[in-house]
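To start, the structure itself, in structure tokens.
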Amino acid sequence: MKEKIFLASPHMSEEGYEKHYVQEAFDTNWIAPLGTNVNEFEKELAAKVGTSHAAALSAGTAAIHMALKAAGVGEGDIVFCQDLTFSATANPIIYQKAVPVFIDSDFETWNMSPKALEAAFEKYGDKVKAVLVVHLYGLSADLDPIMELCKKYGATLIEDAAESLGTTYKGRYTGTFGEYGIFSFNGNKIITTSGGGMLVSNDEERIAKVRFWSTQARDNARHYQHSELGFNYRMSNVVAGIGRGQLKVLDQRVAKKKYIYEYYKRELGCLEGVHMMPMNEWQDSNCWLSCITLSGKVRPLDIMLALEAENIESRPIWKPMHMQPFFEQYEFIGEGVSQELFENGVCLPSDTKMRDADLERIVSIIKGLF
Ligand SMILES: *Cc1c(COP(=O)(O)O)cnc(C)c1O
């Protein structure tokens, strides 16, 4: 069996920062639930991305759920949600008994199309409670026109930046433009805590409320008193220690991801029918996954099977939400761009532990198909 190459796998720091913070939690017996690492991880991440407040949670999905709840999304409310994404973006809309309307992407950004969003707003007007935009694969959505539309119609903007920690849009970090932004530290994300998430916002009061809901909504009383529905969504102090260590190497990880993207671009970008994912001049992408679309004889499955035969992982592009059996009852507004990206796209191995020899192996297999 040839040596396995992963799509994206956890990459702890060579310096052992993560172990240091986890050890500190052990030494002080702050294993659970909260403690210094949680507080500091929140502060350090908020400082890094340039937002004033953050709540460390058990998952990115939990952070999306809490953002929707903080935005006042409840039963029957309409939420415009990017169609091309992972189901974790859309599921919390259902947790809140709200109604998703899926918005198409455009080819220029792969993310929410401002044009499709405008058409959707023209239909629903100020009945829309929130807009959930995603920065897929570390590519930034075109936020300015999206923010303008949200403002015009009074909808709360939530950014699912689960895949885009370290990406900037016009010089500022994604996740900090909307009223709420969320990050994920799941195992294959650009930095990982094994599992975890973060909700960021400049609204101190809302973040305090999210911490309250996430710790079972326990009122300030000696006995167990509850006036609201609670959740068990807080990040543990051990997990937060891993996050603090990982945050120290975020810039290194971004640099390596960019190197991987540039490598593929140089080696594959000129092959007939191969198109690299779009790099708009107003963004600086973290290149979380390097993705391509294909328009010639070689199809995504050909590449995925050829790599798989050599023990190398790759993936299709996310299957759009309006094509998912669970979500197909909900409305979709757009022109089939998300479907086209799904049908023609491939995510190439983007593991930051890869050496040049691994990249050479991958591109020579792919070139062999052309
Ligand atoms: C990973 C991911 C999530 C969910 O994050 P978890 O931490 O796994 O719950 C949400 N949205 C997108 C786009 C993701 O890639």
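Residue numbering restarts at 1 for every chain of the structure tokens, chains are lettered A, B, ... in their displayed order, and ligands are numbered from 1 as they appear.
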Q: Write out as a VMD selection string which residues come within 10 Å of Arg172 (chain A) when counting only C-alpha atoms, dropping same-chain ones fewer than 5 positions away.
A: chain A and resid 49 to 50 166 to 167 177 283 to 284
(Q) For ligand 1, return the neighbouring residues as an MDAnalysis selection string (distance at most 7 Å; only C-alpha atoms and all ligand atoms). (A) chainID A and resid 59:62 85:86 88:89 134 136 160:163 184:186 189 195:197
Only N, CA and C atoms, please: the residues just picked out, written as an mmCIF file, in the first residue's frame.
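Wrote it out as out.cif, contents follow:
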```cif
data_model
loop_
_atom_site.group_PDB
_atom_site.id
_atom_site.type_symbol
_atom_site.label_atom_id
_atom_site.label_comp_id
_atom_site.auth_asym_id
_atom_site.auth_seq_id
_atom_site.Cartn_x
_atom_site.Cartn_y
_atom_site.Cartn_z
ATOM 1 N N ALA A 59 -18.918 23.213 19.032
ATOM 2 C CA ALA A 59 -18.810 22.953 17.594
ATOM 3 C C ALA A 59 -19.182 24.204 16.809
ATOM 4 N N GLY A 60 -18.747 24.229 15.560
ATOM 5 C CA GLY A 60 -19.161 25.308 14.668
ATOM 6 C C GLY A 60 -20.670 25.294 14.470
ATOM 7 N N THR A 61 -21.236 24.094 14.416
ATOM 8 C CA THR A 61 -22.688 23.949 14.250
ATOM 9 C C THR A 61 -23.429 24.593 15.421
ATOM 10 N N ALA A 62 -22.923 24.380 16.625
ATOM 11 C CA ALA A 62 -23.522 24.990 17.824
ATOM 12 C C ALA A 62 -23.420 26.510 17.731
ATOM 13 N N THR A 85 -23.110 24.556 0.249
ATOM 14 C CA THR A 85 -22.430 24.502 1.546
ATOM 15 C C THR A 85 -22.559 23.107 2.131
ATOM 16 N N PHE A 86 -21.962 22.924 3.299
ATOM 17 C CA PHE A 86 -22.097 21.721 4.095
ATOM 18 C C PHE A 86 -23.419 21.828 4.874
ATOM 19 N N ALA A 88 -24.209 21.430 7.774
ATOM 20 C CA ALA A 88 -24.113 22.041 9.109
ATOM 21 C C ALA A 88 -24.495 23.511 9.093
ATOM 22 N N THR A 89 -24.389 24.166 7.928
ATOM 23 C CA THR A 89 -24.811 25.565 7.834
ATOM 24 C C THR A 89 -26.331 25.655 7.982
ATOM 25 N N VAL A 134 -21.716 31.965 3.457
ATOM 26 C CA VAL A 134 -20.607 31.050 3.747
ATOM 27 C C VAL A 134 -19.380 31.472 2.943
ATOM 28 N N LEU A 136 -16.815 29.506 1.444
ATOM 29 C CA LEU A 136 -16.433 28.125 1.153
ATOM 30 C C LEU A 136 -14.973 27.961 0.790
ATOM 31 N N ASP A 160 -20.865 32.268 8.062
ATOM 32 C CA ASP A 160 -20.317 30.954 8.364
ATOM 33 C C ASP A 160 -18.894 30.941 7.816
ATOM 34 N N ALA A 161 -17.961 31.263 8.713
ATOM 35 C CA ALA A 161 -16.543 31.314 8.344
ATOM 36 C C ALA A 161 -15.823 30.059 8.841
ATOM 37 N N ALA A 162 -16.568 28.954 8.943
ATOM 38 C CA ALA A 162 -16.009 27.683 9.443
ATOM 39 C C ALA A 162 -14.760 27.277 8.660
ATOM 40 N N GLU A 163 -14.764 27.598 7.357
ATOM 41 C CA GLU A 163 -13.648 27.163 6.500
ATOM 42 C C GLU A 163 -12.684 28.306 6.189
ATOM 43 N N SER A 184 -15.050 27.114 12.936
ATOM 44 C CA SER A 184 -15.065 25.716 13.369
ATOM 45 C C SER A 184 -13.641 25.231 13.578
ATOM 46 N N PHE A 185 -13.463 24.377 14.591
ATOM 47 C CA PHE A 185 -12.169 23.754 14.848
ATOM 48 C C PHE A 185 -12.289 22.242 14.751
ATOM 49 N N ASN A 186 -13.149 21.807 13.840
ATOM 50 C CA ASN A 186 -13.314 20.390 13.553
ATOM 51 C C ASN A 186 -11.993 19.844 12.990
ATOM 52 N N LYS A 189 -10.375 21.206 9.659
ATOM 53 C CA LYS A 189 -10.329 22.658 9.414
ATOM 54 C C LYS A 189 -8.888 23.174 9.514
ATOM 55 N N GLY A 195 -12.422 19.097 18.026
ATOM 56 C CA GLY A 195 -13.815 19.465 17.768
ATOM 57 C C GLY A 195 -14.108 20.713 18.560
ATOM 58 N N GLY A 196 -14.771 21.683 17.945
ATOM 59 C CA GLY A 196 -15.086 22.911 18.668
ATOM 60 C C GLY A 196 -15.479 24.012 17.717
ATOM 61 N N GLY A 197 -15.962 25.104 18.276
ATOM 62 C CA GLY A 197 -16.363 26.233 17.447
ATOM 63 C C GLY A 197 -16.289 27.531 18.223
#
```
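The nearest approach to Leu132 (chain A) among the residues A:Glu204, A:Ile103, A:Ser113, A:Gln82, with only C-alpha atoms taken into account, belongs to A:Gln82.
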Sort by chain and increasing residue number a table of all residues of region 47-145 of chain A within 12 Å of region 206-218 of chain A, each with its closest pair of atoms and their distance in Å to one decimal, counting only C-alpha atoms, and write it as JSON lines.
```
{"residue": "A:Thr51", "atom": "CA", "partner": "A:Ile207", "partner_atom": "CA", "distance": 11.7}
{"residue": "A:Ser52", "atom": "CA", "partner": "A:Ile207", "partner_atom": "CA", "distance": 10.0}
{"residue": "A:His53", "atom": "CA", "partner": "A:Ile207", "partner_atom": "CA", "distance": 6.8}
{"residue": "A:Ala54", "atom": "CA", "partner": "A:Ile207", "partner_atom": "CA", "distance": 6.6}
{"residue": "A:Ala55", "atom": "CA", "partner": "A:Ile207", "partner_atom": "CA", "distance": 6.3}
{"residue": "A:Ala56", "atom": "CA", "partner": "A:Arg211", "partner_atom": "CA", "distance": 8.3}
{"residue": "A:Leu57", "atom": "CA", "partner": "A:Ser214", "partner_atom": "CA", "distance": 7.7}
{"residue": "A:Ser58", "atom": "CA", "partner": "A:Ser214", "partner_atom": "CA", "distance": 9.2}
{"residue": "A:Ala59", "atom": "CA", "partner": "A:Ser214", "partner_atom": "CA", "distance": 11.4}
{"residue": "A:Ala62", "atom": "CA", "partner": "A:Ser214", "partner_atom": "CA", "distance": 8.8}
{"residue": "A:Ala63", "atom": "CA", "partner": "A:Val210", "partner_atom": "CA", "distance": 9.0}
{"residue": "A:Ile64", "atom": "CA", "partner": "A:Val210", "partner_atom": "CA", "distance": 11.1}
{"residue": "A:His65", "atom": "CA", "partner": "A:Val210", "partner_atom": "CA", "distance": 10.0}
{"residue": "A:Met66", "atom": "CA", "partner": "A:Val210", "partner_atom": "CA", "distance": 6.2}
{"residue": "A:Ala67", "atom": "CA", "partner": "A:Val210", "partner_atom": "CA", "distance": 8.1}
{"residue": "A:Leu68", "atom": "CA", "partner": "A:Val210", "partner_atom": "CA", "distance": 10.5}
{"residue": "A:Lys69", "atom": "CA", "partner": "A:Val210", "partner_atom": "CA", "distance": 8.5}
{"residue": "A:Ala70", "atom": "CA", "partner": "A:Arg206", "partner_atom": "CA", "distance": 6.3}
{"residue": "A:Ala71", "atom": "CA", "partner": "A:Arg206", "partner_atom": "CA", "distance": 8.7}
{"residue": "A:Gly72", "atom": "CA", "partner": "A:Arg206", "partner_atom": "CA", "distance": 10.6}
```
Q.
Set the distance at 6 Å and use only C-alpha atoms: which residues neighbour region 36-42 of chain A once local chain neighbours fewer than 3 positions away are removed? I'd like the list as a VMD selection string.
A. chain A and resid 45 54 237 240 to 241 244
Output file for the residues above (N, CA and C atoms, as a PDB file, in the first residue's frame):
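Okay, this is what ended up in out11.pdb:
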```pdb
ATOM      1  N   LEU A  45      -8.518  34.672  20.081  1.00  0.00           N
ATOM      2  CA  LEU A  45      -9.117  34.565  18.751  1.00  0.00           C
ATOM      3  C   LEU A  45      -9.785  35.884  18.347  1.00  0.00           C
ATOM      4  N   ALA A  54     -16.132  37.043  21.906  1.00  0.00           N
ATOM      5  CA  ALA A  54     -16.206  35.698  21.341  1.00  0.00           C
ATOM      6  C   ALA A  54     -16.698  34.727  22.394  1.00  0.00           C
ATOM      7  N   ASN A 237     -12.267  23.272  28.876  1.00  0.00           N
ATOM      8  CA  ASN A 237     -10.984  23.938  29.099  1.00  0.00           C
ATOM      9  C   ASN A 237      -9.804  23.167  28.505  1.00  0.00           C
ATOM     10  N   ALA A 240      -9.950  23.876  24.715  1.00  0.00           N
ATOM     11  CA  ALA A 240      -9.537  25.262  24.459  1.00  0.00           C
ATOM     12  C   ALA A 240      -8.013  25.402  24.506  1.00  0.00           C
ATOM     13  N   GLY A 241      -7.361  24.554  25.307  1.00  0.00           N
ATOM     14  CA  GLY A 241      -5.892  24.567  25.363  1.00  0.00           C
ATOM     15  C   GLY A 241      -5.291  24.192  24.015  1.00  0.00           C
ATOM     16  N   ARG A 244      -5.647  27.248  21.746  1.00  0.00           N
ATOM     17  CA  ARG A 244      -4.678  28.330  21.990  1.00  0.00           C
ATOM     18  C   ARG A 244      -3.355  28.029  21.304  1.00  0.00           C
TER      19      ARG A 244
END
```
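Within region 127-226 of chain A, DSSP run on the backbone puts these residues in strand (DSSP E or B): A:Val128, A:Lys129, A:Ala130, A:Val131, A:Leu132, A:Val133, A:Val134, A:Thr156, A:Leu157, A:Ile158, A:Glu159, A:Asp160, A:Thr168, A:Tyr169, A:Arg172, A:Tyr173, A:Tyr180, A:Gly181, A:Ile182, A:Phe183, A:Ser184, A:Asn186, A:Ser194, A:Gly197, A:Met198, A:Leu199, A:Val200, A:Ser201, A:Thr215.
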Q.
Report as a list of chain:residue names all protein, DNA and RNA residues lying within 8 Å of region 139-154 of chain A, evaluated on only C-alpha atoms, omitting residues in the same chain fewer than 4 positions from it.
A. A:Thr109, A:Trp110, A:Asn111, A:Met112, A:Pro114, A:Leu117, A:Glu118, A:Phe121, A:Gly125, A:Asp126, A:Val128, A:Lys129, A:Val131, A:Val133, A:Val134, A:His135, A:Ser164, A:Thr167, A:Thr168, A:Tyr169, A:Thr174, A:Phe177, A:Gly178, A:Pro278, A:Met279, A:Gln283, A:Ser285, A:Asn286, A:Cys287
As a short mmCIF file (atom, residue, chain, number, x, y, z; two decimals) with all heavy atoms, in the first residue's frame, please: the residues near region 300-304 of chain A (cut-off 12 Å, only C-alpha atoms, same-chain neighbours under 5 positions excluded).
```cif
data_model
loop_
_atom_site.label_atom_id
_atom_site.label_comp_id
_atom_site.auth_asym_id
_atom_site.auth_seq_id
_atom_site.Cartn_x
_atom_site.Cartn_y
_atom_site.Cartn_z
N LEU A 7 -6.84 14.48 2.63
CA LEU A 7 -7.41 15.73 2.10
C LEU A 7 -6.98 16.90 2.99
O LEU A 7 -6.49 17.92 2.51
CB LEU A 7 -8.94 15.63 2.08
CG LEU A 7 -9.68 16.81 1.47
CD1 LEU A 7 -9.55 16.79 -0.05
CD2 LEU A 7 -11.14 16.80 1.87
N GLY A 273 -9.18 22.44 -19.98
CA GLY A 273 -10.42 22.12 -19.27
C GLY A 273 -10.29 22.14 -17.76
O GLY A 273 -11.21 21.77 -17.05
N VAL A 274 -9.13 22.57 -17.22
CA VAL A 274 -8.96 22.68 -15.77
C VAL A 274 -9.03 24.15 -15.36
O VAL A 274 -8.36 24.99 -15.95
CB VAL A 274 -7.60 22.09 -15.31
CG1 VAL A 274 -7.36 22.38 -13.82
CG2 VAL A 274 -7.55 20.59 -15.57
N CYS A 291 -9.35 23.75 -4.80
CA CYS A 291 -10.38 23.11 -5.61
C CYS A 291 -10.27 23.54 -7.07
O CYS A 291 -9.82 24.65 -7.37
CB CYS A 291 -11.77 23.48 -5.10
SG CYS A 291 -12.00 23.13 -3.36
N ILE A 292 -10.73 22.65 -7.94
CA ILE A 292 -10.75 22.96 -9.37
C ILE A 292 -12.12 22.57 -9.94
O ILE A 292 -12.85 21.78 -9.33
CB ILE A 292 -9.65 22.18 -10.15
CG1 ILE A 292 -9.78 20.65 -9.93
CG2 ILE A 292 -8.27 22.66 -9.73
CD1 ILE A 292 -8.84 19.81 -10.80
N THR A 293 -12.45 23.14 -11.09
CA THR A 293 -13.58 22.62 -11.85
C THR A 293 -13.06 22.16 -13.21
O THR A 293 -12.00 22.60 -13.66
CB THR A 293 -14.70 23.67 -12.05
OG1 THR A 293 -14.13 24.85 -12.61
CG2 THR A 293 -15.42 23.98 -10.76
N LEU A 294 -13.82 21.25 -13.82
CA LEU A 294 -13.39 20.63 -15.07
C LEU A 294 -14.44 20.85 -16.15
O LEU A 294 -15.64 20.69 -15.90
CB LEU A 294 -13.21 19.12 -14.84
CG LEU A 294 -12.15 18.76 -13.79
CD1 LEU A 294 -12.31 17.32 -13.34
CD2 LEU A 294 -10.75 18.99 -14.35
N SER A 295 -13.98 21.21 -17.35
CA SER A 295 -14.93 21.44 -18.44
C SER A 295 -14.61 20.59 -19.68
O SER A 295 -15.24 20.74 -20.72
CB SER A 295 -14.95 22.93 -18.81
OG SER A 295 -13.67 23.32 -19.25
N ALA A 309 -6.94 5.16 -6.07
CA ALA A 309 -6.18 3.95 -6.39
C ALA A 309 -4.75 4.04 -5.87
O ALA A 309 -4.08 3.03 -5.68
CB ALA A 309 -6.18 3.72 -7.90
N GLU A 310 -4.29 5.25 -5.63
CA GLU A 310 -2.93 5.47 -5.11
C GLU A 310 -2.97 5.88 -3.63
O GLU A 310 -2.00 6.47 -3.12
CB GLU A 310 -2.22 6.55 -5.93
CG GLU A 310 -2.06 6.21 -7.41
CD GLU A 310 -0.95 5.18 -7.67
OE1 GLU A 310 0.01 5.14 -6.88
OE2 GLU A 310 -1.08 4.43 -8.65
N ASN A 311 -4.10 5.59 -2.97
CA ASN A 311 -4.24 5.87 -1.54
C ASN A 311 -4.20 7.37 -1.20
O ASN A 311 -3.64 7.77 -0.18
CB ASN A 311 -3.16 5.11 -0.76
CG ASN A 311 -3.60 4.78 0.66
OD1 ASN A 311 -4.78 4.82 0.98
ND2 ASN A 311 -2.64 4.49 1.52
N ILE A 312 -4.78 8.16 -2.09
CA ILE A 312 -4.81 9.62 -1.90
C ILE A 312 -6.26 10.09 -1.85
O ILE A 312 -7.06 9.76 -2.71
CB ILE A 312 -4.08 10.33 -3.06
CG1 ILE A 312 -2.61 9.86 -3.12
CG2 ILE A 312 -4.16 11.86 -2.90
CD1 ILE A 312 -1.87 10.31 -4.37
N GLU A 313 -6.56 10.87 -0.81
CA GLU A 313 -7.93 11.37 -0.62
C GLU A 313 -8.22 12.63 -1.44
O GLU A 313 -7.38 13.53 -1.51
CB GLU A 313 -8.13 11.78 0.85
CG GLU A 313 -8.62 10.69 1.75
CD GLU A 313 -8.99 11.23 3.14
OE1 GLU A 313 -8.67 12.38 3.48
OE2 GLU A 313 -9.60 10.46 3.87
N SER A 314 -9.42 12.67 -2.03
CA SER A 314 -9.92 13.91 -2.63
C SER A 314 -11.43 13.86 -2.45
O SER A 314 -11.96 12.84 -2.01
CB SER A 314 -9.54 14.01 -4.11
OG SER A 314 -10.11 12.94 -4.84
N ARG A 315 -12.14 14.94 -2.78
CA ARG A 315 -13.58 15.00 -2.52
C ARG A 315 -14.30 15.75 -3.62
O ARG A 315 -13.71 16.65 -4.21
CB ARG A 315 -13.86 15.80 -1.23
CG ARG A 315 -13.42 15.17 0.05
CD ARG A 315 -14.46 14.23 0.63
NE ARG A 315 -13.87 13.42 1.68
CZ ARG A 315 -13.71 13.81 2.94
NH1 ARG A 315 -14.13 15.00 3.31
NH2 ARG A 315 -13.16 13.02 3.81
N PRO A 316 -15.58 15.45 -3.79
CA PRO A 316 -16.39 16.32 -4.66
C PRO A 316 -16.63 17.65 -3.94
O PRO A 316 -16.44 17.75 -2.73
CB PRO A 316 -17.71 15.57 -4.81
CG PRO A 316 -17.56 14.27 -4.10
CD PRO A 316 -16.37 14.35 -3.20
N ILE A 317 -17.07 18.64 -4.68
CA ILE A 317 -17.54 19.91 -4.09
C ILE A 317 -18.83 19.59 -3.32
O ILE A 317 -19.55 18.65 -3.65
CB ILE A 317 -17.82 20.92 -5.25
CG1 ILE A 317 -16.54 21.23 -6.03
CG2 ILE A 317 -18.52 22.19 -4.76
CD1 ILE A 317 -15.52 22.06 -5.31
N LEU A 341 -21.31 23.76 -10.17
CA LEU A 341 -20.04 23.67 -9.44
C LEU A 341 -19.91 22.29 -8.80
O LEU A 341 -18.85 21.67 -8.84
CB LEU A 341 -19.96 24.77 -8.37
CG LEU A 341 -19.75 26.19 -8.92
CD1 LEU A 341 -19.97 27.24 -7.82
CD2 LEU A 341 -18.36 26.36 -9.53
N PHE A 342 -21.02 21.80 -8.25
CA PHE A 342 -21.02 20.46 -7.63
C PHE A 342 -20.68 19.39 -8.66
O PHE A 342 -19.87 18.50 -8.41
CB PHE A 342 -22.40 20.20 -7.01
CG PHE A 342 -22.68 18.75 -6.72
CD1 PHE A 342 -21.89 18.04 -5.82
CD2 PHE A 342 -23.74 18.09 -7.32
CE1 PHE A 342 -22.14 16.70 -5.54
CE2 PHE A 342 -24.01 16.76 -7.05
CZ PHE A 342 -23.20 16.06 -6.17
N GLU A 343 -21.28 19.49 -9.83
CA GLU A 343 -21.11 18.43 -10.84
C GLU A 343 -19.72 18.45 -11.49
O GLU A 343 -19.26 17.43 -12.00
CB GLU A 343 -22.20 18.55 -11.91
CG GLU A 343 -23.53 18.04 -11.38
CD GLU A 343 -24.73 18.38 -12.25
OE1 GLU A 343 -24.56 19.10 -13.26
OE2 GLU A 343 -25.84 17.92 -11.91
N ASN A 344 -19.06 19.60 -11.47
CA ASN A 344 -17.79 19.72 -12.19
C ASN A 344 -16.57 19.94 -11.31
O ASN A 344 -15.46 20.06 -11.82
CB ASN A 344 -17.88 20.87 -13.20
CG ASN A 344 -18.95 20.60 -14.25
OD1 ASN A 344 -18.90 19.60 -14.93
ND2 ASN A 344 -19.94 21.48 -14.34
N GLY A 345 -16.79 19.98 -9.99
CA GLY A 345 -15.69 20.35 -9.11
C GLY A 345 -15.03 19.20 -8.38
O GLY A 345 -15.65 18.15 -8.15
N VAL A 346 -13.78 19.39 -8.00
CA VAL A 346 -13.04 18.45 -7.14
C VAL A 346 -12.22 19.24 -6.13
O VAL A 346 -11.62 20.26 -6.47
CB VAL A 346 -12.00 17.60 -7.93
CG1 VAL A 346 -11.57 16.38 -7.11
CG2 VAL A 346 -12.47 17.21 -9.31
N CYS A 347 -12.18 18.73 -4.89
CA CYS A 347 -11.29 19.28 -3.87
C CYS A 347 -10.03 18.42 -3.87
O CYS A 347 -10.11 17.21 -3.62
CB CYS A 347 -11.92 19.21 -2.48
SG CYS A 347 -13.56 19.92 -2.38
N LEU A 348 -8.90 19.03 -4.13
CA LEU A 348 -7.64 18.28 -4.18
C LEU A 348 -7.02 18.19 -2.79
O LEU A 348 -7.32 19.01 -1.92
CB LEU A 348 -6.67 18.99 -5.14
CG LEU A 348 -7.17 19.10 -6.59
CD1 LEU A 348 -6.20 19.95 -7.42
CD2 LEU A 348 -7.33 17.72 -7.21
N PRO A 349 -6.17 17.19 -2.58
CA PRO A 349 -5.52 17.04 -1.27
C PRO A 349 -4.84 18.35 -0.86
O PRO A 349 -4.11 18.93 -1.65
CB PRO A 349 -4.48 15.94 -1.49
CG PRO A 349 -4.93 15.21 -2.71
CD PRO A 349 -5.70 16.17 -3.54
N ILE A 362 0.88 13.63 -6.60
CA ILE A 362 -0.51 13.96 -6.93
C ILE A 362 -0.62 14.54 -8.33
O ILE A 362 -1.43 14.08 -9.14
CB ILE A 362 -1.09 14.97 -5.89
CG1 ILE A 362 -1.17 14.31 -4.51
CG2 ILE A 362 -2.46 15.47 -6.32
CD1 ILE A 362 -1.26 15.29 -3.36
N VAL A 363 0.20 15.53 -8.64
CA VAL A 363 0.04 16.18 -9.95
C VAL A 363 0.42 15.22 -11.09
O VAL A 363 -0.17 15.28 -12.17
CB VAL A 363 0.79 17.54 -10.09
CG1 VAL A 363 0.28 18.54 -9.07
CG2 VAL A 363 2.27 17.38 -9.99
N SER A 364 1.36 14.32 -10.84
CA SER A 364 1.72 13.42 -11.94
C SER A 364 0.59 12.42 -12.22
O SER A 364 0.33 12.08 -13.36
CB SER A 364 3.07 12.72 -11.69
OG SER A 364 2.89 11.65 -10.81
N ILE A 365 -0.13 12.01 -11.18
CA ILE A 365 -1.30 11.14 -11.39
C ILE A 365 -2.37 11.89 -12.20
O ILE A 365 -2.94 11.35 -13.15
CB ILE A 365 -1.89 10.66 -10.04
CG1 ILE A 365 -0.91 9.74 -9.32
CG2 ILE A 365 -3.23 9.97 -10.24
CD1 ILE A 365 -1.21 9.52 -7.84
N ILE A 366 -2.62 13.12 -11.81
CA ILE A 366 -3.66 13.91 -12.51
C ILE A 366 -3.24 14.21 -13.94
O ILE A 366 -4.02 14.02 -14.87
CB ILE A 366 -3.97 15.20 -11.73
CG1 ILE A 366 -4.58 14.85 -10.36
CG2 ILE A 366 -4.93 16.10 -12.52
CD1 ILE A 366 -4.79 16.01 -9.42
N LYS A 367 -1.98 14.60 -14.13
CA LYS A 367 -1.51 14.90 -15.49
C LYS A 367 -1.62 13.68 -16.40
O LYS A 367 -1.90 13.80 -17.59
CB LYS A 367 -0.05 15.38 -15.45
CG LYS A 367 0.11 16.82 -15.07
CD LYS A 367 1.59 17.16 -14.99
CE LYS A 367 1.83 18.63 -14.71
NZ LYS A 367 3.27 18.87 -14.40
N GLY A 368 -1.43 12.50 -15.80
CA GLY A 368 -1.52 11.25 -16.55
C GLY A 368 -2.90 11.03 -17.19
O GLY A 368 -3.03 10.24 -18.12
N LEU A 369 -3.92 11.71 -16.66
CA LEU A 369 -5.29 11.54 -17.19
C LEU A 369 -5.53 12.43 -18.40
O LEU A 369 -6.52 12.27 -19.11
CB LEU A 369 -6.32 11.89 -16.12
CG LEU A 369 -6.35 10.99 -14.88
CD1 LEU A 369 -7.18 11.63 -13.77
CD2 LEU A 369 -6.92 9.62 -15.23
N PHE A 370 -4.63 13.38 -18.63
CA PHE A 370 -4.87 14.37 -19.70
C PHE A 370 -4.09 14.03 -20.98
O PHE A 370 -3.13 13.30 -20.94
CB PHE A 370 -4.52 15.78 -19.21
CG PHE A 370 -5.57 16.34 -18.30
CD1 PHE A 370 -5.59 15.98 -16.94
CD2 PHE A 370 -6.57 17.17 -18.76
CE1 PHE A 370 -6.56 16.46 -16.09
CE2 PHE A 370 -7.55 17.66 -17.92
CZ PHE A 370 -7.55 17.31 -16.57
#
```
Q. CA of Gly296 (chain A) to CA of Cys270 (chain A): how many Å, to one decimal?
A.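 Between these atoms lies a distance of 12.7 Å.
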Q. Could you pull the residues within 12 Å of Met323 (chain A), counting only C-alpha atoms, minus those fewer than 3 positions along the same chain, as number ranges by chain?
A. A: 83-85, 87, 102, 104, 318-320, 326-332, 336, 338-340, 342-343
Write to file, as a short mmCIF file (atom, residue, chain, number, x, y, z; two decimals), in the first residue's frame, the residues of the selection just made, with N, CA and C atoms.
```
data_model
loop_
_atom_site.label_atom_id
_atom_site.label_comp_id
_atom_site.auth_asym_id
_atom_site.auth_seq_id
_atom_site.Cartn_x
_atom_site.Cartn_y
_atom_site.Cartn_z
N ASP A 83 -26.83 28.15 -0.69
CA ASP A 83 -27.23 26.82 -1.15
C ASP A 83 -26.04 25.86 -1.22
N LEU A 84 -24.93 26.38 -1.70
CA LEU A 84 -23.73 25.55 -1.86
C LEU A 84 -22.95 25.58 -0.56
N THR A 85 -23.11 24.56 0.25
CA THR A 85 -22.43 24.50 1.55
C THR A 85 -22.56 23.11 2.13
N SER A 87 -24.08 20.71 5.11
CA SER A 87 -25.40 20.73 5.75
C SER A 87 -25.39 21.38 7.13
N PHE A 102 -33.00 28.78 0.01
CA PHE A 102 -31.62 28.60 -0.42
C PHE A 102 -31.26 29.52 -1.58
N ASP A 104 -28.55 30.78 -4.50
CA ASP A 104 -27.51 30.27 -5.39
C ASP A 104 -26.16 30.99 -5.20
N TRP A 318 -19.12 20.39 -2.29
CA TRP A 318 -20.35 20.18 -1.51
C TRP A 318 -21.57 20.02 -2.42
N LYS A 319 -22.42 19.09 -2.08
CA LYS A 319 -23.67 18.94 -2.83
C LYS A 319 -24.68 19.98 -2.32
N PRO A 320 -25.21 20.80 -3.23
CA PRO A 320 -26.09 21.91 -2.81
C PRO A 320 -27.26 21.45 -1.93
N PHE A 326 -33.30 15.81 2.35
CA PHE A 326 -33.89 16.41 3.55
C PHE A 326 -34.39 17.83 3.33
N PHE A 327 -33.74 18.56 2.44
CA PHE A 327 -34.06 19.98 2.25
C PHE A 327 -34.85 20.28 0.98
N GLU A 328 -35.16 19.25 0.18
CA GLU A 328 -35.70 19.56 -1.15
C GLU A 328 -37.10 20.18 -1.12
N GLN A 329 -37.77 20.10 0.03
CA GLN A 329 -39.09 20.75 0.15
C GLN A 329 -38.98 22.28 0.24
N TYR A 330 -37.77 22.79 0.47
CA TYR A 330 -37.62 24.24 0.63
C TYR A 330 -37.27 24.92 -0.68
N GLU A 331 -37.57 26.21 -0.73
CA GLU A 331 -37.39 26.97 -1.97
C GLU A 331 -35.90 27.24 -2.27
N PHE A 332 -35.62 27.27 -3.56
CA PHE A 332 -34.28 27.61 -4.03
C PHE A 332 -34.41 28.78 -5.00
N GLY A 336 -28.89 27.64 -11.05
CA GLY A 336 -28.20 26.37 -11.25
C GLY A 336 -26.69 26.43 -11.18
N SER A 338 -24.80 26.57 -8.37
CA SER A 338 -24.31 25.67 -7.32
C SER A 338 -24.28 24.23 -7.83
N GLN A 339 -25.30 23.85 -8.57
CA GLN A 339 -25.36 22.49 -9.12
C GLN A 339 -24.21 22.25 -10.12
N GLU A 340 -23.96 23.27 -10.93
CA GLU A 340 -22.89 23.13 -11.92
C GLU A 340 -21.52 23.00 -11.24
N PHE A 342 -21.02 21.80 -8.25
CA PHE A 342 -21.02 20.46 -7.63
C PHE A 342 -20.68 19.39 -8.66
N GLU A 343 -21.28 19.49 -9.83
CA GLU A 343 -21.11 18.43 -10.84
C GLU A 343 -19.72 18.45 -11.49
#
```
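Reported to one decimal place, the separation of CA of Asn232 (chain A) from CA of Leu34 (chain A) is 12.5 Å.
Of the listed residues (A:Thr176, A:Asn280, A:Thr193, A:Ser105), A:Ser105 comes nearest to Ile333 (chain A); the distances count only C-alpha atoms.
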